[in-house]
Amino acid sequence: MASTSGLVLGSLSFPPSTRSSLSITTGSIARRALWHKKRKLQSLEHNWNHSYKFIHGGSTPHKPKTRNFLMKATSEPFDTQTIWKSTKDILHTVQKFTISYYLITVLMSISSTSLLAVENLSDISPKFFVGLFKFIIAMIFMHWYTVGINQLADLQIDKINKPYRPLASGKISYKAGVIITISSLFMSFGLGWITKSKPLLWCLIIYFVANTSYSINLPLLRWKKSTISTLLSGVPTMLIANNVAPFLHMKTYVLEKTTIFPRSIVFTILVMSFYYSVIILSKDIPDIEGDKAAGIQTLSVRLGPKLVFWTCVLLLEMAYGIAIIMGAISPFLWSKIFTVLAHGIMAVILWYRANSVDLKSKDASQSFYMFIYKLLCVENILIHFVR
């Protein structure tokens, strides 16, 4: 920089006094630019380290030496690859903390049930999709709160049952978990309030009260200690959040029509009650070890996994039996054939899959639990063929 400026000054043939003044000015500008570059890189490093500490709650990642930093800043580019890789790691950790496999089923159930409010093709308009989007976004944030509060309350249990979870494994700090959870709650209620949909607001309130009472350990709460209280609170809450509230939201708030419950929504509420009961009961089968250590007397702990497992299978078979009966009495031939045939096939698949499960294996029990969610996803498609 200095040699270049000297060459330029010499070629212009300024007087000695002017040349000296310009050289000083040019040198000052160069030093000032270098100083600002150093401060910018130091500020970026400080902000990154602060974010890392917030998420992981521990020490900062490897910090490059600051020795001869001023000299190296002019010749070596800043290592953006390390920053990008670490940023992706943080986002992945937060994603694992807030999002569970159940969220996919929730979104599918909400979308599927919302379509039951449609009476004719003209109802499917941009207004319909905007209304559906408002409901889904508010419920996603509430789901993040639910997953967060459950992990915060079950930290010691998860260290036994689910040590891979971000909070239990130490990948995310307890403080960061609290902040993410509370922020999600405020975002959910804020979006619900802005939307001004009564079905959505009541759904958020019921979902918040039920799931908070299920998780936190306070007098008269921590409902997960009892299977009966879990069923009595969990099944109605899931029905409201996944089926009833989305239907009423689309029917009254978005489409602005009179509330009429068609045969398909009645079928949905009835069959889904069995599904949600089975999900609540079977969830505890792989978690017996941690529940025993925490003193939580679930039905699986009291009666054993085998009895609870086959109770869940029989409940689902009963649901398919009800679906076959409702399909058989349908006045529409195509609905009669499809509903009976589809649920008959699902009943056979369920029975075959259940007989291949090794209940002594935690992985096998967990795999069957996930299989129930797959059946639930299929059911969310079949409900549209009920007439």
# chains A, B, ... in the order shown; residues from 1 in each chain; ligands from 1
$ residues_around --residues "Thr258 of chain A" --least-positions-apart "3" --cutoff "12 Å" --atoms "only C-alpha atoms" --output "list in words"
Ala117, Val118, Glu119, Phe247, Leu248, His249, Met250, Lys251, Thr252, Tyr253, Val254, Leu255, Phe261 and Pro262 of chain A
$ write_last_selection --atoms "C-alpha atoms" --output "PDB file, in the first residue's frame"
ATOM      1  CA  ALA A 117     -65.470 -28.326   6.169  1.00  0.00           C
ATOM      2  CA  VAL A 118     -65.487 -27.859   2.388  1.00  0.00           C
ATOM      3  CA  GLU A 119     -68.945 -28.253   0.848  1.00  0.00           C
ATOM      4  CA  PHE A 247     -63.120 -28.034  11.447  1.00  0.00           C
ATOM      5  CA  LEU A 248     -64.893 -25.261  13.379  1.00  0.00           C
ATOM      6  CA  HIS A 249     -62.150 -22.760  12.519  1.00  0.00           C
ATOM      7  CA  MET A 250     -62.542 -23.387   8.802  1.00  0.00           C
ATOM      8  CA  LYS A 251     -66.327 -23.638   8.931  1.00  0.00           C
ATOM      9  CA  THR A 252     -67.162 -20.568  11.029  1.00  0.00           C
ATOM     10  CA  TYR A 253     -64.128 -18.269  10.803  1.00  0.00           C
ATOM     11  CA  VAL A 254     -62.767 -18.874   7.293  1.00  0.00           C
ATOM     12  CA  LEU A 255     -65.749 -20.022   5.219  1.00  0.00           C
ATOM     13  CA  PHE A 261     -71.419 -31.830  11.406  1.00  0.00           C
ATOM     14  CA  PRO A 262     -71.382 -34.164   8.385  1.00  0.00           C
TER      15      PRO A 262
END
$ residues_around --residues "Leu201 of chain A" --least-positions-apart "6" --cutoff "10 Å" --atoms "only C-alpha atoms" --output "VMD selection string"
chain A and resid 135 138 188 to 195 207 245 249
$ residues_around --residues "Phe309 of chain A" --least-positions-apart "5" --cutoff "9 Å" --atoms "only C-alpha atoms" --output "PyMOL selection string"
chain A and resi 281-282+285+300+304+314+354+359+365
$ closest_residue --among "A:Tyr276, A:Leu341, A:His384, A:Ile149" --to "Asn217 of chain A" --atoms "only C-alpha atoms"
A:Ile149
$ residues_around --residues "Ile180 of chain A" --least-positions-apart "4" --cutoff "8 Å" --atoms "only C-alpha atoms" --output "ChimeraX atom specification"
/A:145,148,176,184
$ atom_distance --atom1 "atom CA of Ala168 of chain A" --atom2 "atom CA of Ile288 of chain A"
17.4 Å
$ atom_distance --atom1 "atom CA of Leu155 of chain A" --atom2 "atom CA of Ser213 of chain A"
16.4 Å
